[in-house]
Each structure stands twice: as structure tokens, then as C-alpha cells.
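Undergrad: Provided herewith is a single structure, encoded as C-alpha cells, for subsequent inquiry.
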Amino acid sequence: MAKKDQAEQKAKQQGTEKKLSSKQKLALERINRLFELTEPTDEYAKRYVSLAKRIGEKYTVKVPKELKQKFCKKCFSLNVEHIEKKPFLVIKCLECGHEKKFGLRKKEVQAKVK
Ligand SMILES: [Zn+2]
């Protein structure tokens, strides 16, 4: 266990992501697939999104940032609005009004300032 922690810490220090197991890779593929299949107008959209999130939790894989920005964390609605408030990107849910801030990457912020 201690050895594993050390390896993880090392990976963090190097800025590299820890290696995913084959099960985790599969889970990530399923998450991506679910989002591909889902349309905001779909009546099952919320179910798909919550399912994708559950898969992520079960296999401890992070849902990619791009996908996270597509849905509301609170009610799983895909009906969200992107508002830019430098240096953040605010994802506002049009259904429940929940807001989530994402930090924009440094490069993106600089490019927009200039
Ligand atoms: Zn919401």
C-alpha cells in the first residue's frame, strides 16, 4: 500500500497521470460513449449522465473536463449555458440554476487578454 502511494506521489510530482488499469480504460470509454449518445433534448439524457458519473465513481476514473463542462453536477441536465468570466468559465444550469466554475487554462486566458 505504502509503495503504491509513493508511486502515485511520484507521478503527481512529475505531472504525469497515473496509469489506468484496463478496467478503468474501459470505464472511460463507456463514459465517452454515453456522452456521445446523449443529446440535450433526449428524455434519457439525465439518466445517461448520472450513469456515466456512477461508472466513473465505481472505477475511480475522472470524467474528462470537457465532458464535465457539458452537464449540471446537481441535476445532471445537459441544458447548460457557458459564461466566460475570466479567468473562469462558468457553467450555468438552465434548469436548476446551479453554477459551476472552471478555471481556464493559463494559455487561454493570456491569449484572450492580448
Ligand atoms: Zn441543474
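In the C-alpha cells, the first chain shown is A, the next is B, and so on; residue numbers restart at 1 for each chain, and ligands run from 1 in the order shown.
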Using only C-alpha atoms and all ligand atoms, find each residue with an atom at most 8 Å away from ligand 1 and format the answer as a list in words.

TA: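 With only C-alpha atoms and all ligand atoms and a cut-off of 8 Å, ligand 1 is contacted by Phe71, Cys72, Lys73, Lys74, Cys75, Phe76, Ser77, Asn79, Val80, Lys92, Cys93, Leu94, Glu95, Cys96, Gly97 and His98 of chain A.
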
Undergrad: Limited to N, CA and C atoms, could you put the picked residues into a file as a PDB file, in the first residue's frame?

TA:
ATOM      1  N   PHE A  71     -22.489  19.131 -18.529  1.00  0.00           N
ATOM      2  CA  PHE A  71     -23.699  18.843 -17.760  1.00  0.00           C
ATOM      3  C   PHE A  71     -23.683  19.515 -16.394  1.00  0.00           C
ATOM      4  N   CYS A  72     -24.861  19.615 -15.804  1.00  0.00           N
ATOM      5  CA  CYS A  72     -25.000  20.187 -14.467  1.00  0.00           C
ATOM      6  C   CYS A  72     -24.713  19.101 -13.438  1.00  0.00           C
ATOM      7  N   LYS A  73     -23.843  19.448 -12.496  1.00  0.00           N
ATOM      8  CA  LYS A  73     -23.421  18.494 -11.489  1.00  0.00           C
ATOM      9  C   LYS A  73     -24.567  18.158 -10.528  1.00  0.00           C
ATOM     10  N   LYS A  74     -25.489  19.090 -10.417  1.00  0.00           N
ATOM     11  CA  LYS A  74     -26.538  18.933  -9.418  1.00  0.00           C
ATOM     12  C   LYS A  74     -27.727  18.119  -9.935  1.00  0.00           C
ATOM     13  N   CYS A  75     -28.195  18.461 -11.121  1.00  0.00           N
ATOM     14  CA  CYS A  75     -29.389  17.774 -11.615  1.00  0.00           C
ATOM     15  C   CYS A  75     -29.120  16.960 -12.883  1.00  0.00           C
ATOM     16  N   PHE A  76     -27.854  16.901 -13.308  1.00  0.00           N
ATOM     17  CA  PHE A  76     -27.417  16.115 -14.469  1.00  0.00           C
ATOM     18  C   PHE A  76     -28.044  16.563 -15.788  1.00  0.00           C
ATOM     19  N   SER A  77     -28.552  17.769 -15.819  1.00  0.00           N
ATOM     20  CA  SER A  77     -29.122  18.260 -17.064  1.00  0.00           C
ATOM     21  C   SER A  77     -28.006  18.663 -18.022  1.00  0.00           C
ATOM     22  N   ASN A  79     -28.641  20.777 -20.281  1.00  0.00           N
ATOM     23  CA  ASN A  79     -29.118  22.079 -20.712  1.00  0.00           C
ATOM     24  C   ASN A  79     -28.372  23.180 -19.939  1.00  0.00           C
ATOM     25  N   VAL A  80     -27.099  23.398 -20.308  1.00  0.00           N
ATOM     26  CA  VAL A  80     -26.284  24.358 -19.575  1.00  0.00           C
ATOM     27  C   VAL A  80     -25.797  25.490 -20.474  1.00  0.00           C
ATOM     28  N   LYS A  92     -23.548  27.400 -16.239  1.00  0.00           N
ATOM     29  CA  LYS A  92     -24.792  27.647 -15.530  1.00  0.00           C
ATOM     30  C   LYS A  92     -25.888  26.733 -16.055  1.00  0.00           C
ATOM     31  N   CYS A  93     -26.535  26.075 -15.115  1.00  0.00           N
ATOM     32  CA  CYS A  93     -27.605  25.164 -15.487  1.00  0.00           C
ATOM     33  C   CYS A  93     -28.881  25.956 -15.750  1.00  0.00           C
ATOM     34  N   LEU A  94     -29.485  25.697 -16.886  1.00  0.00           N
ATOM     35  CA  LEU A  94     -30.694  26.431 -17.242  1.00  0.00           C
ATOM     36  C   LEU A  94     -31.939  25.810 -16.614  1.00  0.00           C
ATOM     37  N   GLU A  95     -31.750  24.670 -15.975  1.00  0.00           N
ATOM     38  CA  GLU A  95     -32.908  24.026 -15.354  1.00  0.00           C
ATOM     39  C   GLU A  95     -33.011  24.311 -13.865  1.00  0.00           C
ATOM     40  N   CYS A  96     -31.877  24.166 -13.145  1.00  0.00           N
ATOM     41  CA  CYS A  96     -31.953  24.374 -11.694  1.00  0.00           C
ATOM     42  C   CYS A  96     -31.166  25.599 -11.253  1.00  0.00           C
ATOM     43  N   GLY A  97     -30.439  26.227 -12.167  1.00  0.00           N
ATOM     44  CA  GLY A  97     -29.718  27.461 -11.838  1.00  0.00           C
ATOM     45  C   GLY A  97     -28.386  27.248 -11.137  1.00  0.00           C
ATOM     46  N   HIS A  98     -27.978  25.997 -10.980  1.00  0.00           N
ATOM     47  CA  HIS A  98     -26.709  25.691 -10.321  1.00  0.00           C
ATOM     48  C   HIS A  98     -25.537  26.182 -11.179  1.00  0.00           C
TER      49      HIS A  98
END

Undergrad: Identify, on the basis of only C-alpha atoms, every residue whose closest approach to Phe88 (chain A) does not exceed 9 Å; exclude the query and any residue fewer than 3 positions from it along the same chain; express the result as a ChimeraX atom specification.

TA: /A:83-85,101-105,109

Undergrad: Would you list the contacts of region 51-54 of chain A as a ChimeraX atom specification, taking every protein, DNA or RNA residue within 8 Å and counting only C-alpha atoms, but skipping same-chain residues closer than 2 positions in sequence?

TA: /A:30-31,34-35,47-49,56-58,63

Undergrad: Write to file, as a PDB file, in the first residue's frame, the residues of the selection just made, with C-alpha atoms.

TA:
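File again-v3.pdb, as written:
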ATOM      1  CA  ARG A  30     -18.085   3.833 -21.712  1.00  0.00           C
ATOM      2  CA  ILE A  31     -18.329   7.318 -20.218  1.00  0.00           C
ATOM      3  CA  LEU A  34     -22.584   7.660 -23.128  1.00  0.00           C
ATOM      4  CA  PHE A  35     -21.937  11.320 -23.763  1.00  0.00           C
ATOM      5  CA  ARG A  47     -30.073   9.005 -16.795  1.00  0.00           C
ATOM      6  CA  TYR A  48     -27.143   8.667 -19.174  1.00  0.00           C
ATOM      7  CA  VAL A  49     -25.210  11.409 -17.447  1.00  0.00           C
ATOM      8  CA  GLY A  56     -16.584   6.985 -13.066  1.00  0.00           C
ATOM      9  CA  GLU A  57     -17.086   6.679  -9.323  1.00  0.00           C
ATOM     10  CA  LYS A  58     -17.130   2.902  -9.360  1.00  0.00           C
ATOM     11  CA  VAL A  63     -14.783  12.244 -16.048  1.00  0.00           C
TER      12      VAL A  63
END

Undergrad: Using only C-alpha atoms for the distances, tell me which of A:Asp5, A:Ser21, A:Lys86, A:Lys70 is nearest to Glu36 (chain A).

TA: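 Among the listed residues, A:Lys70 lies closest to Glu36 (chain A).
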